[in-house]
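What's in input-v1.txt: compact mmCIF, C-alpha atoms and all ligand atoms
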# COMPACT_ATOMS: atom_id res chain seq x y z
CA MET A 1 9.20 44.54 14.73
CA GLY A 2 9.82 46.36 11.47
CA ASP A 3 12.46 46.21 8.80
CA ILE A 4 14.75 43.34 7.94
CA LEU A 5 18.39 44.03 7.19
CA VAL A 6 20.26 41.24 5.42
CA ILE A 7 24.04 41.45 5.54
CA GLY A 8 25.93 38.96 3.42
CA SER A 9 27.36 37.54 0.25
CA MET A 10 26.40 38.12 -3.37
CA ASN A 11 27.64 35.52 -5.86
CA VAL A 12 27.22 34.37 -9.40
CA ASP A 13 26.31 30.68 -9.22
CA MET A 14 27.72 28.25 -11.78
CA THR A 15 25.75 25.06 -11.47
CA ILE A 16 26.17 21.63 -13.01
CA ARG A 17 23.75 18.77 -12.54
CA VAL A 18 25.21 15.28 -12.09
CA LYS A 19 23.88 11.82 -11.26
CA GLU A 20 25.93 11.61 -8.07
CA LEU A 21 28.45 13.98 -6.49
CA PRO A 22 32.02 12.98 -7.45
CA LYS A 23 34.32 11.27 -4.95
CA THR A 24 37.88 12.47 -4.32
CA GLY A 25 40.03 11.67 -7.35
CA GLU A 26 37.07 10.90 -9.59
CA THR A 27 36.24 12.59 -12.92
CA ILE A 28 32.59 12.61 -13.90
CA LEU A 29 30.61 14.03 -16.81
CA ALA A 30 27.75 16.52 -16.76
CA ARG A 31 25.61 17.84 -19.57
CA ASN A 32 25.41 21.53 -19.08
CA LEU A 33 26.53 24.55 -17.07
CA SER A 34 24.01 27.17 -15.96
CA PHE A 35 24.58 30.64 -14.52
CA GLY A 36 22.37 32.35 -11.96
CA LEU A 37 22.35 34.91 -9.18
CA GLY A 38 23.14 33.53 -5.75
CA GLY A 39 25.09 34.05 -2.55
CA LYS A 40 23.48 33.33 0.78
CA GLY A 41 23.07 37.03 1.54
CA ALA A 42 21.47 37.98 -1.76
CA ASN A 43 19.30 34.84 -1.73
CA GLN A 44 17.99 35.66 1.74
CA ALA A 45 17.31 39.29 0.83
CA MET A 46 15.50 38.22 -2.35
CA ALA A 47 13.49 35.54 -0.53
CA ALA A 48 12.45 37.90 2.26
CA ALA A 49 11.29 40.52 -0.25
CA ARG A 50 9.29 37.95 -2.27
CA LEU A 51 7.66 36.86 0.96
CA GLY A 52 6.49 40.39 1.70
CA GLY A 53 9.24 41.70 4.00
CA LYS A 54 10.53 45.26 4.01
CA VAL A 55 14.14 44.49 3.22
CA ARG A 56 17.44 46.31 2.96
CA MET A 57 20.73 44.69 2.05
CA LEU A 58 24.38 45.30 2.88
CA GLY A 59 26.95 43.48 0.76
CA CYS A 60 29.63 44.00 -1.87
CA VAL A 61 29.89 43.28 -5.59
CA GLY A 62 32.54 43.89 -8.22
CA ASP A 63 32.22 46.50 -10.96
CA ASP A 64 31.03 43.90 -13.48
CA ASP A 65 27.88 42.62 -15.17
CA PHE A 66 27.04 40.21 -12.37
CA GLY A 67 27.28 42.97 -9.79
CA LYS A 68 24.91 45.13 -11.83
CA LYS A 69 22.49 42.24 -12.35
CA HIS A 70 22.40 41.59 -8.61
CA ALA A 71 21.51 45.19 -7.82
CA GLN A 72 18.86 45.26 -10.53
CA ALA A 73 17.22 41.97 -9.53
CA LEU A 74 17.09 42.88 -5.85
CA ARG A 75 15.79 46.36 -6.61
CA GLU A 76 13.04 44.94 -8.81
CA ALA A 77 12.04 42.60 -5.99
CA GLY A 78 11.69 45.63 -3.70
CA VAL A 79 14.95 45.37 -1.74
CA ASP A 80 16.63 48.65 -0.78
CA VAL A 81 20.07 48.28 -2.39
CA SER A 82 21.26 51.85 -1.85
CA ASP A 83 23.97 50.79 0.63
CA ILE A 84 25.47 47.97 -1.42
CA LYS A 85 29.14 48.66 -2.16
CA THR A 86 30.83 48.22 -5.52
CA ASP A 87 34.53 47.42 -5.39
CA ARG A 88 36.26 48.27 -8.66
CA ALA A 89 39.35 46.24 -7.80
CA ILE A 90 37.83 42.79 -7.59
CA SER A 91 35.14 40.74 -9.30
CA THR A 92 31.80 39.68 -7.86
CA GLY A 93 31.97 36.51 -5.75
CA SER A 94 31.27 33.21 -7.45
CA ALA A 95 30.02 29.80 -6.40
CA PHE A 96 30.63 26.44 -8.04
CA ILE A 97 27.68 24.18 -7.37
CA CYS A 98 27.24 20.50 -8.10
CA VAL A 99 23.66 19.23 -7.76
CA GLU A 100 22.96 15.50 -7.77
CA GLU A 101 19.83 13.69 -8.91
CA ASN A 102 18.17 13.60 -5.49
CA GLY A 103 18.59 17.38 -5.14
CA GLY A 104 21.58 17.29 -2.75
CA ASN A 105 24.48 19.58 -3.52
CA CYS A 106 27.99 20.65 -2.67
CA ILE A 107 29.21 24.21 -3.07
CA VAL A 108 32.58 25.93 -3.21
CA VAL A 109 32.53 29.73 -2.95
CA SER A 110 35.27 31.94 -4.34
CA GLN A 111 34.74 35.01 -2.18
CA GLY A 112 35.80 37.80 -4.58
CA ALA A 113 34.12 41.10 -3.71
CA ASN A 114 32.46 39.56 -0.65
CA LEU A 115 35.83 40.10 1.03
CA SER A 116 35.26 43.85 0.67
CA CYS A 117 32.28 43.56 2.96
CA ASP A 118 34.83 44.26 5.68
CA GLU A 119 34.87 45.87 9.10
CA ASP A 120 35.39 49.40 7.74
CA TYR A 121 32.37 49.06 5.45
CA ILE A 122 30.24 47.66 8.27
CA LYS A 123 31.36 50.44 10.60
CA SER A 124 30.32 53.00 7.98
CA LYS A 125 26.80 51.47 7.99
CA ARG A 126 26.41 51.52 11.77
CA GLU A 127 23.26 53.63 11.71
CA VAL A 128 21.63 51.38 9.11
CA ILE A 129 22.37 48.38 11.32
CA ARG A 130 21.16 50.07 14.47
CA SER A 131 17.85 51.04 12.90
CA ALA A 132 16.91 47.52 11.72
CA GLY A 133 14.25 45.52 13.52
CA ILE A 134 15.79 42.20 12.47
CA VAL A 135 19.33 41.62 11.26
CA LEU A 136 19.83 38.42 9.27
CA VAL A 137 23.40 37.26 8.61
CA GLN A 138 25.31 34.25 7.29
CA MET A 139 29.05 33.49 7.14
CA GLU A 140 30.35 34.16 3.62
CA ILE A 141 31.75 37.61 4.47
CA PRO A 142 34.77 38.40 6.69
CA GLN A 143 34.10 37.28 10.26
CA LYS A 144 35.30 40.48 11.94
CA ALA A 145 32.77 42.47 9.92
CA LEU A 146 30.02 40.02 10.69
CA TYR A 147 30.73 40.08 14.41
CA ARG A 148 30.86 43.90 14.41
CA ALA A 149 27.41 43.94 12.79
CA ILE A 150 25.99 41.49 15.33
CA LEU A 151 27.29 43.50 18.28
CA ASP A 152 25.96 46.77 16.82
CA ALA A 153 22.55 45.28 16.15
CA ARG A 154 22.46 43.79 19.61
CA ALA A 155 23.40 47.10 21.27
CA ALA A 156 20.47 48.70 19.48
CA ARG A 157 18.14 45.87 20.58
CA GLY A 158 17.51 44.56 17.08
CA LYS A 159 16.76 40.85 16.81
CA VAL A 160 19.69 38.91 15.36
CA ILE A 161 19.42 35.72 13.31
CA LEU A 162 22.71 34.02 12.40
CA ASN A 163 22.63 31.31 9.77
CA PRO A 164 26.09 29.79 10.39
CA ALA A 165 26.81 28.73 6.83
CA PRO A 166 29.53 27.87 6.14
CA ALA A 167 30.21 27.00 9.79
CA PRO A 168 33.55 28.11 11.25
CA GLU A 169 35.50 26.07 13.83
CA HIS A 170 34.86 28.69 16.46
CA ILE A 171 32.49 31.56 17.25
CA PRO A 172 33.40 33.79 20.22
CA ASP A 173 31.11 33.48 23.26
CA GLU A 174 30.42 37.21 23.13
CA ILE A 175 28.85 36.67 19.70
CA TYR A 176 26.81 33.64 20.78
CA ARG A 177 25.36 35.80 23.56
CA GLY A 178 24.27 38.35 20.95
CA LEU A 179 22.14 35.89 18.98
CA ASP A 180 18.38 35.59 19.28
CA TYR A 181 18.35 32.77 16.72
CA LEU A 182 21.07 30.46 15.45
CA THR A 183 19.99 28.27 12.51
CA PRO A 184 22.56 25.58 11.62
CA ASN A 185 21.86 22.46 9.59
CA GLU A 186 22.99 19.14 11.10
CA THR A 187 26.52 19.32 9.73
CA GLU A 188 27.00 22.93 10.78
CA LEU A 189 25.65 22.18 14.26
CA MET A 190 28.14 19.35 14.76
CA LYS A 191 31.04 21.49 13.56
CA LEU A 192 30.10 24.44 15.78
CA CYS A 193 29.93 22.38 18.92
CA GLY A 194 32.93 20.19 18.19
CA MET A 195 30.93 16.99 17.81
CA GLU A 196 31.92 16.07 14.26
CA GLY A 197 33.62 12.87 15.38
CA GLU A 198 30.53 11.78 17.29
CA PHE A 199 28.21 12.14 14.34
CA SER A 200 28.16 10.25 11.06
CA GLY A 201 26.96 12.98 8.68
CA GLY A 202 23.72 12.17 6.92
CA THR A 203 22.54 9.72 9.58
CA TRP A 204 19.84 11.35 11.60
CA ASP A 205 20.64 11.24 15.27
CA GLY A 206 18.12 13.05 17.48
CA GLN A 207 20.21 12.63 20.62
CA ALA A 208 23.32 14.14 19.03
CA ILE A 209 21.27 17.04 17.71
CA GLN A 210 19.77 17.73 21.13
CA GLU A 211 23.19 17.55 22.75
CA GLY A 212 24.63 19.94 20.15
CA ALA A 213 21.77 22.39 20.62
CA ARG A 214 22.18 22.20 24.40
CA ARG A 215 25.87 23.16 24.10
CA LEU A 216 25.00 26.22 22.01
CA LEU A 217 22.20 27.30 24.35
CA GLU A 218 24.68 27.09 27.22
CA LYS A 219 26.81 29.64 25.39
CA GLY A 220 23.92 32.10 25.52
CA VAL A 221 22.06 31.71 22.21
CA GLY A 222 18.34 32.52 22.59
CA THR A 223 16.89 29.82 20.32
CA VAL A 224 18.68 27.19 18.23
CA ILE A 225 16.79 25.98 15.14
CA VAL A 226 18.42 22.98 13.48
CA THR A 227 17.25 22.49 9.91
CA LEU A 228 17.05 18.83 8.95
CA GLY A 229 16.04 18.79 5.28
CA GLU A 230 13.23 16.35 4.57
CA LYS A 231 13.06 15.57 8.30
CA GLY A 232 11.90 19.10 9.16
CA CYS A 233 13.62 20.97 11.97
CA GLY A 234 14.27 20.97 15.70
CA VAL A 235 13.66 24.11 17.76
CA PHE A 236 15.49 24.37 21.09
CA ARG A 237 15.21 26.93 23.84
CA LYS A 238 16.17 26.57 27.52
CA GLY A 239 13.64 24.14 28.96
CA HIS A 240 11.87 23.52 25.67
CA ALA A 241 12.41 21.42 22.54
CA ALA A 242 10.08 20.85 19.61
CA TRP A 243 10.45 18.79 16.45
CA PHE A 244 8.62 20.04 13.38
CA PRO A 245 7.98 17.65 10.49
CA ALA A 246 8.67 18.75 6.92
CA LYS A 247 6.21 18.75 4.06
CA GLN A 248 7.11 15.69 1.96
CA VAL A 249 7.96 16.81 -1.57
CA ARG A 250 10.17 15.55 -4.41
CA ALA A 251 13.40 17.52 -4.06
CA VAL A 252 14.90 18.68 -7.33
CA ASP A 253 17.56 21.05 -6.02
CA THR A 254 18.21 22.00 -2.39
CA THR A 255 20.33 25.05 -3.32
CA ALA A 256 19.06 28.09 -1.37
CA ALA A 257 16.45 26.09 0.56
CA GLY A 258 18.20 27.06 3.80
CA ASP A 259 18.30 30.68 2.64
CA CYS A 260 14.60 30.55 1.96
CA PHE A 261 13.95 29.07 5.42
CA ASN A 262 15.92 31.81 7.16
CA ALA A 263 14.32 34.60 5.16
CA ALA A 264 10.83 33.29 5.83
CA LEU A 265 11.59 32.98 9.53
CA ALA A 266 12.73 36.63 9.56
CA VAL A 267 9.65 37.82 7.66
CA ALA A 268 7.22 36.02 9.96
CA LEU A 269 9.00 37.23 13.11
CA ALA A 270 9.04 40.78 11.72
CA GLU A 271 5.28 40.53 11.33
CA GLY A 272 4.94 39.60 14.97
CA ARG A 273 3.98 35.97 14.41
CA THR A 274 4.76 33.53 17.21
CA GLU A 275 7.91 31.45 17.00
CA GLN A 276 5.88 28.34 16.15
CA GLU A 277 4.01 30.14 13.37
CA ALA A 278 7.27 31.56 12.03
CA VAL A 279 8.88 28.11 11.90
CA GLU A 280 5.84 26.66 10.12
CA PHE A 281 5.91 29.49 7.59
CA ALA A 282 9.63 28.87 7.02
CA ILE A 283 9.10 25.14 6.49
CA CYS A 284 6.37 25.83 3.94
CA ALA A 285 8.53 28.31 2.05
CA SER A 286 11.61 26.08 1.89
CA SER A 287 9.54 23.03 0.94
CA ILE A 288 8.58 24.92 -2.22
CA ALA A 289 12.14 26.09 -2.95
CA VAL A 290 13.52 22.52 -3.03
CA THR A 291 11.11 21.52 -5.79
CA ARG A 292 12.72 23.99 -8.23
CA ALA A 293 16.16 24.29 -9.77
CA GLY A 294 18.54 27.13 -9.01
CA ALA A 295 19.02 29.55 -6.14
CA GLN A 296 17.03 32.76 -6.63
CA GLU A 297 14.90 31.18 -9.38
CA SER A 298 13.60 28.71 -6.82
CA LEU A 299 12.39 31.21 -4.21
CA PRO A 300 8.60 31.29 -3.78
CA SER A 301 6.22 34.22 -3.57
CA ARG A 302 4.10 35.05 -0.54
CA ARG A 303 0.98 33.81 -2.32
CA GLU A 304 2.52 30.41 -3.01
CA VAL A 305 3.59 29.95 0.60
CA GLU A 306 0.20 30.97 1.98
CA ALA A 307 -1.48 28.46 -0.31
CA ARG A 308 0.78 25.73 1.05
CA GLU A 309 0.33 26.81 4.67
CA GLY A 310 -3.33 25.88 4.43
CA THR A 311 -2.45 22.31 3.40
CA LEU A 312 -0.11 21.52 6.26
CA PRO A 313 -1.38 19.80 9.36
CA PHE A 314 1.58 20.64 11.61
CA ARG A 315 2.00 18.38 14.57
CA ALA A 316 5.16 19.60 16.24
CA MET A 317 6.31 17.26 19.01
CA ALA A 318 7.17 19.31 22.06
CA GLN A 319 9.20 18.04 25.00
CA ARG A 320 10.92 19.36 28.11
CA PHE A 321 14.56 20.10 27.43
O1 LIG B 401 22.90 28.78 -0.09
C1 LIG B 401 23.10 28.69 -1.47
C2 LIG B 401 24.15 29.65 -1.91
O2 LIG B 401 25.39 29.29 -1.33
C3 LIG B 401 24.41 29.69 -3.38
O3 LIG B 401 23.59 30.59 -4.05
C4 LIG B 401 25.90 30.01 -3.46
O4 LIG B 401 26.17 31.23 -4.06
C5 LIG B 401 26.42 29.94 -2.04
O5 LIG B 401 26.56 31.18 -1.47

Show me this structure written as structure tokens.
Amino acid sequence: MGDILVIGSMNVDMTIRVKELPKTGETILARNLSFGLGGKGANQAMAAARLGGKVRMLGCVGDDDFGKKHAQALREAGVDVSDIKTDRAISTGSAFICVEENGGNCIVVSQGANLSCDEDYIKSKREVIRSAGIVLVQMEIPQKALYRAILDARAARGKVILNPAPAPEHIPDEIYRGLDYLTPNETELMKLCGMEGEFSGGTWDGQAIQEGARRLLEKGVGTVIVTLGEKGCGVFRKGHAAWFPAKQVRAVDTTAAGDCFNAALAVALAEGRTEQEAVEFAICASSIAVTRAGAQESLPSRREVEAREGTLPFRAMAQRF
């Protein structure tokens, strides 16, 4: 299936580790602040390259040190960064990340130069988009640009994977119809299909997840993969549902675990693996990422994932859907 094109955000991550995430109105103390390269787009491009994919990236940075570091790190990992845009008028995007003891996190992104990844820029890269085998996108760049990219990729028969993070209230039906894969987590799934009120976040509810996936399939998505953290993931296609267990590990930091999952899925599909094999590969990769701190620092190599693949007796539970 060929090359993977990642289109998305590039941030500098500022992370603090705390015992528990603060509640509204609360002040809490943390020991230290660490800086790293992040952004869902850059993380996915980096992860896909480490996992052996042939990767190109579209995204925007500011004319600052972080922007330069991004380009250098991705280039060293083997990502083609020749189309990344530098905007001299605005600084590289940034993310403020709080990680609690059990590895859970909350993130606020200040978009910065990611806003320059706009429709005009995407239009100027039409041929790059049309020539990609797989286009992998998330939602930290302007929506109009993102939707333009999806429609262009679709018209050229590239496979499209949308990781809807952060999830918007609404995605146009025309865009849903252009997606081969949609990969929300539980919270994103509930937001996308308007079921937030019916779902108490954090409490696993298989029925609600199936109902949410069904609503998205009805809109024309090819396959919905709902990532469920330590509970694995659910894969839904018309007439078919399968639940994949996760590898049980001690989570240190879940930042970029979803990015790692999506990148691994793209790499395995690009290699022509079956959907089941691709999901298993993605679970293995992300189960390594959660055991390490940071975003890009946590992303595993191909060799590490292959070693873990051998240790996993996958017993996906399939059912009619
Ligand atoms: O998915 C993790 C990423 O989300 C972080 O690296 C942060 O930059 C935000 O984009």

Stretch 50-86 of chain A residues near stretch 103-111 of chain A within 12 Å, closest pair each, using all atoms listed in the file, as a tab-separated table:
residue	atom	partner	partner_atom	distance
A:Gly59	CA	A:Gln111	CA	11.9
A:Cys60	CA	A:Gln111	CA	10.3
A:Val61	CA	A:Gln111	CA	10.2
A:Gly62	CA	A:Gln111	CA	11.0

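Put simply, atom CA of A:Pro184 is 5.2 Å away from atom CA of A:Val226.
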
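Using all atoms listed in the file for every distance, the candidate list A:Leu192, A:Ile97, A:Ala293, A:Val55 yields A:Ile97 as the residue closest to A:Leu21.
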
Selection: 10 Å around A:Glu127, all atoms listed in the file, excl. self and same-chain fewer than 4 positions, as a PDB file with C-alpha atoms, keeping the file's coordinate frame:
ATOM      1  CA  ILE A 122      30.240  47.660   8.270  1.00  0.00           C
ATOM      2  CA  LYS A 123      31.360  50.440  10.600  1.00  0.00           C
ATOM      3  CA  SER A 131      17.850  51.040  12.900  1.00  0.00           C
ATOM      4  CA  ALA A 132      16.910  47.520  11.720  1.00  0.00           C
ATOM      5  CA  ASP A 152      25.960  46.770  16.820  1.00  0.00           C
ATOM      6  CA  ALA A 153      22.550  45.280  16.150  1.00  0.00           C
ATOM      7  CA  ALA A 156      20.470  48.700  19.480  1.00  0.00           C
TER       8      ALA A 156
END

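Residues in contact with A:Ile28 at 12 Å, where all atoms listed in the file are counted and same-chain residues fewer than 3 positions away are skipped, are listed as Ile16, Arg17, Val18, Lys19, Glu20, Leu21, Pro22, Lys23, Thr24, Gly25, Arg31, Cys98 and Glu100 of chain A.
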
#### Entry: Among listed residues A:Arg50, A:Arg126, A:Arg75, A:His70, nearest ligand LIG 401 (chain B) (using all atoms listed in the file)
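Between A:Arg50, A:Arg126, A:Arg75, A:His70, the residue approaching ligand LIG 401 (chain B) most closely is A:His70.
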
### Query
Residues at most 9 Å from ligand LIG 401 (chain B), using all atoms listed in the file? Could they come as a VMD selection string?
chain A and resid 9 to 14 36 to 44 93 to 97 107 to 109 140 165 to 166 254 to 260 294 to 296

Determine, for each residue of stretch 146-238 of chain A having at least one atom at most 12 Å from an atom of stretch 262-274 of chain A, the closest pair of atoms and their separation in Å to one decimal, counting all atoms listed in the file; order by chain and ascending number, as JSON lines.
{"residue": "A:Gly158", "atom": "CA", "partner": "A:Ala270", "partner_atom": "CA", "distance": 10.7}
{"residue": "A:Lys159", "atom": "CA", "partner": "A:Ala270", "partner_atom": "CA", "distance": 9.2}
{"residue": "A:Val160", "atom": "CA", "partner": "A:Ala266", "partner_atom": "CA", "distance": 9.3}
{"residue": "A:Ile161", "atom": "CA", "partner": "A:Ala266", "partner_atom": "CA", "distance": 7.7}
{"residue": "A:Leu162", "atom": "CA", "partner": "A:Asn262", "partner_atom": "CA", "distance": 8.9}
{"residue": "A:Asn163", "atom": "CA", "partner": "A:Asn262", "partner_atom": "CA", "distance": 7.2}
{"residue": "A:Pro164", "atom": "CA", "partner": "A:Asn262", "partner_atom": "CA", "distance": 10.9}
{"residue": "A:Ala165", "atom": "CA", "partner": "A:Asn262", "partner_atom": "CA", "distance": 11.3}
{"residue": "A:Asp180", "atom": "CA", "partner": "A:Ala266", "partner_atom": "CA", "distance": 11.3}
{"residue": "A:Tyr181", "atom": "CA", "partner": "A:Leu265", "partner_atom": "CA", "distance": 9.9}
{"residue": "A:Leu182", "atom": "CA", "partner": "A:Asn262", "partner_atom": "CA", "distance": 9.9}
{"residue": "A:Thr183", "atom": "CA", "partner": "A:Asn262", "partner_atom": "CA", "distance": 7.6}
{"residue": "A:Pro184", "atom": "CA", "partner": "A:Asn262", "partner_atom": "CA", "distance": 10.1}
{"residue": "A:Asn185", "atom": "CA", "partner": "A:Asn262", "partner_atom": "CA", "distance": 11.3}
{"residue": "A:Ile225", "atom": "CA", "partner": "A:Asn262", "partner_atom": "CA", "distance": 9.9}
{"residue": "A:Val226", "atom": "CA", "partner": "A:Asn262", "partner_atom": "CA", "distance": 11.1}
{"residue": "A:Thr227", "atom": "CA", "partner": "A:Asn262", "partner_atom": "CA", "distance": 9.8}

### Task
May I have the residues at most 12 Å from (34.1, 35.8, 22.3) in the file's coordinates, counting all atoms listed in the file, as a PyMOL selection string?
chain A and resi 144+147-148+151+170-178+219-220

Write out, as JSON lines, each residue of stretch 141-226 of chain A that has an atom at most 10 Å from stretch 240-246 of chain A, together with the closest pair of atoms and their distance in Å to one decimal, counting all atoms listed in the file, rows going by chain and rising number.
{"residue": "A:Gly206", "atom": "CA", "partner": "A:Trp243", "partner_atom": "CA", "distance": 9.6}
{"residue": "A:Gln210", "atom": "CA", "partner": "A:Ala241", "partner_atom": "CA", "distance": 8.4}
{"residue": "A:Ala213", "atom": "CA", "partner": "A:Ala241", "partner_atom": "CA", "distance": 9.6}
{"residue": "A:Arg214", "atom": "CA", "partner": "A:Ala241", "partner_atom": "CA", "distance": 10.0}
{"residue": "A:Thr223", "atom": "CA", "partner": "A:His240", "partner_atom": "CA", "distance": 9.7}
{"residue": "A:Val224", "atom": "CA", "partner": "A:Ala241", "partner_atom": "CA", "distance": 9.5}
{"residue": "A:Ile225", "atom": "CA", "partner": "A:Ala242", "partner_atom": "CA", "distance": 9.6}
{"residue": "A:Val226", "atom": "CA", "partner": "A:Trp243", "partner_atom": "CA", "distance": 9.5}

### Query
Given the choices A:Ala49, A:Ile134, A:Ile288, A:Leu189, which gets closest to A:Ile209 if the distance is worked out from only C-alpha atoms?
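The shortest atom-to-atom distance to A:Ile209 comes from A:Leu189.
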
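Of note, atom CA of A:Phe281 and atom CA of A:Leu58 are spaced 24.8 Å apart.
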
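Interatomic distance, atom CA of A:Cys233 against atom CA of A:Gln143: 26.2 Å.
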
### Message
I want to know what sits within 10 Å of A:Gly78, based on only C-alpha atoms, with residues of the same chain fewer than 3 positions away left out; could you give that as a PyMOL selection string?
### Response
chain A and resi 45-46+48-50+52-56+72-75+81

Mind writing the picked residues with C-alpha atoms as an mmCIF file, in the frame of the given file?
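Result file follows (selection-v5.cif):
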data_model
loop_
_atom_site.group_PDB
_atom_site.id
_atom_site.type_symbol
_atom_site.label_atom_id
_atom_site.label_comp_id
_atom_site.auth_asym_id
_atom_site.auth_seq_id
_atom_site.Cartn_x
_atom_site.Cartn_y
_atom_site.Cartn_z
ATOM 1 C CA ALA A 45 17.310 39.290 0.830
ATOM 2 C CA MET A 46 15.500 38.220 -2.350
ATOM 3 C CA ALA A 48 12.450 37.900 2.260
ATOM 4 C CA ALA A 49 11.290 40.520 -0.250
ATOM 5 C CA ARG A 50 9.290 37.950 -2.270
ATOM 6 C CA GLY A 52 6.490 40.390 1.700
ATOM 7 C CA GLY A 53 9.240 41.700 4.000
ATOM 8 C CA LYS A 54 10.530 45.260 4.010
ATOM 9 C CA VAL A 55 14.140 44.490 3.220
ATOM 10 C CA ARG A 56 17.440 46.310 2.960
ATOM 11 C CA GLN A 72 18.860 45.260 -10.530
ATOM 12 C CA ALA A 73 17.220 41.970 -9.530
ATOM 13 C CA LEU A 74 17.090 42.880 -5.850
ATOM 14 C CA ARG A 75 15.790 46.360 -6.610
ATOM 15 C CA VAL A 81 20.070 48.280 -2.390
#

Please list as a PDB file with C-alpha atoms, keeping the file's coordinate frame every residue within 7 Å of A:Gly112, counting all atoms listed in the file and excluding residues in the same chain fewer than 6 positions away.
ATOM      1  CA  ILE A  90      37.830  42.790  -7.590  1.00  0.00           C
ATOM      2  CA  SER A  91      35.140  40.740  -9.300  1.00  0.00           C
ATOM      3  CA  THR A  92      31.800  39.680  -7.860  1.00  0.00           C
ATOM      4  CA  GLY A  93      31.970  36.510  -5.750  1.00  0.00           C
TER       5      GLY A  93
END

### Message
Give me, as a list in words, all polymer residues having an atom no more than 8 Å from stretch 304-312 of chain A, counting all atoms listed in the file and skipping those fewer than 2 positions away in the same chain.
### Response
Lys247, Glu280, Phe281, Cys284, Ala285, Ile288, Pro300, Ser301, Arg302 and Phe314 of chain A

### Message
When you count all atoms listed in the file, which of these residues is closest to A:Val79: A:Val135, A:Ala155, A:Ile4, A:Met317?
### Response
A:Ile4

### Query
So which one's closest to A:Glu211, A:Leu29, A:Phe321, A:Val279, A:Val249? Using only C-alpha atoms, please.
A:Phe321
